[in-house]
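Novice: Structure file model36.cif (mmCIF, C-alpha atoms) right here:
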data_input
loop_
_atom_site.label_atom_id
_atom_site.label_comp_id
_atom_site.auth_asym_id
_atom_site.auth_seq_id
_atom_site.Cartn_x
_atom_site.Cartn_y
_atom_site.Cartn_z
CA MET A 607 0.00 0.00 0.00
CA ARG A 608 2.77 2.42 0.96
CA ARG A 609 4.68 1.62 -2.23
CA ALA A 610 1.58 2.35 -4.32
CA LEU A 611 1.15 5.72 -2.59
CA GLU A 612 4.80 6.56 -3.21
CA LEU A 613 4.46 5.68 -6.89
CA GLN A 614 1.30 7.77 -7.14
CA ARG A 615 3.09 10.70 -5.49
CA LYS A 616 5.97 10.43 -7.98
CA GLN A 617 3.52 10.42 -10.88
CA VAL A 618 1.77 13.52 -9.54
CA HIS A 619 5.13 15.30 -9.17
CA ILE A 620 6.09 14.43 -12.75
CA ILE A 621 2.72 15.64 -14.06
CA LEU A 622 3.10 18.89 -12.13
CA LEU A 623 6.64 19.40 -13.44
CA ILE A 624 5.49 18.87 -17.02
CA SER A 625 2.60 21.25 -16.36
CA THR A 626 5.01 23.97 -15.23
CA VAL A 627 6.99 23.65 -18.46
CA VAL A 628 3.76 23.82 -20.49
CA LEU A 629 2.72 26.92 -18.51
CA ILE A 630 6.11 28.54 -19.17
CA LEU A 631 5.61 27.98 -22.90
CA PHE A 632 2.00 29.16 -22.70
CA PHE A 633 2.89 32.39 -20.90
CA THR A 634 5.89 33.01 -23.15
CA PHE A 635 4.26 32.37 -26.50
CA ILE A 636 0.54 32.96 -25.99
CA VAL A 637 -0.18 35.32 -23.10
CA ARG A 638 2.80 37.59 -23.59
CA GLU A 639 2.18 37.91 -27.30
CA THR A 640 -1.39 39.00 -26.71
CA LEU A 641 -0.41 41.57 -24.08
CA GLU A 642 2.51 43.13 -25.91
CA ILE A 643 2.61 44.87 -29.24
CA ARG A 644 4.86 42.52 -31.14
CA HIS A 645 4.18 41.10 -34.51
CA VAL A 646 5.11 37.69 -35.79
CA GLY A 647 8.25 38.24 -37.78
CA SER A 648 9.75 40.74 -35.36
CA ARG A 649 12.96 39.24 -34.12
CA GLY A 650 15.67 40.68 -31.92
CA VAL A 651 18.63 39.46 -29.93
CA CYS A 652 20.39 41.16 -27.03
CA LEU A 653 23.40 39.40 -25.54
CA THR A 654 24.38 42.22 -23.19
CA PRO A 655 24.10 40.82 -19.66
CA PHE A 656 22.38 42.85 -16.92
CA ARG A 657 21.00 45.42 -19.38
CA GLU A 658 17.58 45.24 -17.70
CA LEU A 659 19.11 45.62 -14.24
CA LYS A 660 20.98 48.70 -15.39
CA GLY A 661 17.78 50.07 -16.98
CA LEU A 662 15.96 49.49 -13.70
CA PHE A 663 18.18 52.05 -12.00
CA THR A 664 19.00 54.46 -14.83
CA ALA A 665 16.12 54.59 -17.31
CA THR A 666 13.14 56.89 -17.01
CA ASN A 667 10.79 53.96 -17.64
CA HIS A 668 12.28 51.93 -14.78
CA TRP A 669 8.95 50.21 -14.08
CA PHE A 670 9.17 48.50 -17.47
CA TYR A 671 12.49 46.96 -16.49
CA PHE A 672 11.23 46.08 -13.02
CA TRP A 673 8.33 44.10 -14.50
CA GLN A 674 10.58 42.42 -17.07
CA ILE A 675 12.91 41.18 -14.35
CA PHE A 676 10.17 40.32 -11.84
CA LEU A 677 7.98 38.38 -14.27
CA ASN A 678 10.90 36.41 -15.72
CA ILE A 679 11.94 35.37 -12.21
CA LEU A 680 8.35 34.60 -11.18
CA LEU A 681 7.76 32.47 -14.29
CA PHE A 682 10.44 29.95 -13.30
CA ILE A 683 9.85 29.68 -9.53
CA PRO A 684 7.27 26.87 -9.94
CA PHE A 685 9.66 25.05 -12.28
CA GLY A 686 12.48 25.11 -9.72
CA PHE A 687 10.09 24.07 -6.95
CA MET A 688 8.56 21.14 -8.85
CA LEU A 689 11.92 19.98 -10.18
CA SER A 690 13.17 19.95 -6.58
CA CYS A 691 10.21 17.77 -5.61
CA ASN A 692 11.12 15.32 -8.38
CA LEU A 693 14.87 15.28 -7.74
CA TYR A 694 14.53 15.06 -3.95
CA ILE A 695 13.66 11.39 -4.33
CA GLN A 696 17.14 10.73 -5.76
CA ARG A 697 19.35 13.28 -3.97
CA ARG A 698 19.77 15.12 -0.72
CA PRO A 699 18.10 18.55 -0.77
CA ASN A 700 21.32 20.50 -0.23
CA LYS A 701 22.80 18.81 -3.34
CA LEU A 702 19.91 19.87 -5.56
CA TRP A 703 21.00 23.40 -6.36
CA LEU A 704 23.34 22.54 -9.25
CA PRO A 705 20.88 20.32 -11.19
CA ILE A 706 18.17 22.94 -10.63
CA LEU A 707 20.43 25.74 -11.90
CA LEU A 708 21.53 23.74 -14.95
CA SER A 709 17.94 22.69 -15.73
CA GLY A 710 16.75 26.29 -15.38
CA LEU A 711 19.50 27.38 -17.77
CA LEU A 712 18.66 24.62 -20.25
CA VAL A 713 14.91 25.25 -20.27
CA SER A 714 15.38 29.02 -20.45
CA ILE A 715 17.89 28.81 -23.31
CA SER A 716 15.47 26.48 -25.11
CA VAL A 717 12.61 28.95 -24.70
CA GLU A 718 14.75 31.84 -25.90
CA PHE A 719 15.90 29.79 -28.88
CA LEU A 720 12.29 28.91 -29.73
CA GLN A 721 11.40 32.60 -29.49
CA TYR A 722 14.16 33.41 -31.94
CA LEU A 723 13.22 30.63 -34.36
CA SER A 724 9.53 31.52 -34.29
CA SER A 725 10.24 35.28 -34.52
CA ARG A 726 8.14 35.87 -31.42
CA GLY A 727 9.59 38.09 -28.79
CA TYR A 728 13.03 39.36 -28.08
CA THR A 729 15.81 36.88 -27.30
CA GLU A 730 17.84 38.19 -24.36
CA ILE A 731 20.58 36.87 -22.14
CA ASP A 732 18.90 38.76 -19.28
CA ASP A 733 15.86 36.50 -19.64
CA VAL A 734 18.09 33.43 -19.29
CA ILE A 735 19.73 34.92 -16.18
CA ASN A 736 16.42 35.94 -14.58
CA ASN A 737 14.69 32.67 -15.44
CA SER A 738 17.57 30.69 -13.94
CA LEU A 739 17.39 32.88 -10.85
CA GLY A 740 13.68 32.08 -10.63
CA ALA A 741 14.41 28.35 -10.78
CA MET A 742 16.91 28.82 -7.94
CA PHE A 743 14.30 30.71 -5.90
CA GLY A 744 11.97 27.74 -6.45
CA TRP A 745 14.65 25.38 -5.12
CA PHE A 746 15.30 27.70 -2.17
CA LEU A 747 11.59 27.81 -1.33
CA TYR A 748 11.38 24.00 -1.50
CA ASP A 749 14.50 23.64 0.64
CA ARG A 750 13.15 26.03 3.32
CA MET A 751 9.74 24.33 3.36
CA LEU A 752 11.39 20.90 3.69
CA LYS A 753 13.58 22.10 6.58
CA ALA A 754 10.59 23.66 8.33
CA ALA A 755 8.59 20.44 7.96
CA ARG A 756 11.47 18.38 9.35
CA SER A 757 11.99 20.69 12.32
CA LYS A 758 8.25 20.59 13.04
CA LYS A 759 8.39 16.76 13.14
CA LYS A 760 11.16 16.92 15.74
CA ILE A 761 9.07 19.04 18.11
#
As structure tokens, please, write out the structure in this file.

Specialist:
Amino acid sequence: MRRALELQRKQVHIILLISTVVLILFFTFIVRETLEIRHVGSRGVCLTPFRELKGLFTATNHWFYFWQIFLNILLFIPFGFMLSCNLYIQRRPNKLWLPILLSGLLVSISVEFLQYLSSRGYTEIDDVINNSLGAMFGWFLYDRMLKAARSKKKI
């Protein structure tokens, strides 16, 4: 019975992880395209790191840069959290940060590459950095919640 519950839990975690990737693609290619004035066929690439962070502090439209950074981080927090849930079964939580970071980088680079190929959106290194940071925040949140749950069991 316990083994069946564990298998069911693993399946739910995998489904939720896949759902987060689908949501990332949905928000990147569907929602964002309907909210922003970009036309199919408009393609741009910016490989200057921390351009948005600099714009946050120096540009007159600093709120634009704030939302760009914030939403890119927020988009990948569930991914990092759910990937932590899946990897926790195989590794100790404090050893999860590197696979989470590398997975965040890989998924983010893939999304940016798809944006470039489909001529939808602007391909930026800042998006890769912020998305990876979001995945790390997801891992950090999972790690803190796991530690809190363990300390609560000890009481």

Novice: So, counting only C-alpha atoms, which residue among A:Gln721, A:Asp733, A:Arg750, A:Met742 is closest to Gly650 in chain A?

Specialist: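 Among A:Gln721, A:Asp733, A:Arg750, A:Met742, it is A:Gln721 that comes nearest to Gly650 in chain A.
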
Novice: Go through the shown structure with the PyMOL selection byres ((chain A and resi 675) around 12) and write out the matching residues as a count of residues only.

Specialist: 32

Novice: Would you mind telling me which residue in A:Leu653, A:Phe635, A:Lys759, A:Ala741 lies nearest to Leu712 in chain A when using only C-alpha atoms?

Specialist: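 Nearest to Leu712 in chain A: A:Ala741.
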
Novice: Measuring between all atoms listed in the file, which one of A:Met607, A:Cys652, A:Ile706, A:Val637 shows the shortest distance to Ile683 in chain A?

Specialist: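 Smallest separation from Ile683 in chain A among the options: A:Ile706.
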
Novice: Which distance in Å separates CA of Gly710 in chain A and CA of Asn692 in chain A, to one decimal?

Specialist: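 We find that CA of Gly710 in chain A and CA of Asn692 in chain A lie 14.2 Å from each other.
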
Novice: Specify as a PyMOL selection string each residue included when the PyMOL selection byres ((chain A and resi 746-749) around 8) is applied to this file.

Specialist: chain A and resi 687+690-691+699-700+742-745+750-753

Novice: Grab the CA of Thr654 in chain A to CA of Tyr728 in chain A distance for me, in Å with one decimal place.

Specialist: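 Those two atoms sit 12.7 Å apart.
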
Novice: Which residue, A:Lys758, A:Gly686, A:Thr634, A:Pro705, has the smallest gap to Glu718 in chain A when you use only C-alpha atoms?

Specialist: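 Looking at the shortest contact to Glu718 in chain A, the residue is A:Thr634.
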
Novice: Between CA of Asn667 in chain A and CA of Ile636 in chain A, what is the distance in Å, rounded to a tenth?

Specialist: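 Interatomic distance, CA of Asn667 in chain A to CA of Ile636 in chain A: 24.8 Å.
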
Novice: For range 612-628 of chain A, find every residue with an atom within 7 Å (counting all atoms listed in the file), except residues of its own chain fewer than 4 positions away, and show them as a ChimeraX atom specification.

Specialist: /A:608,632,684-685,688-689,691-692
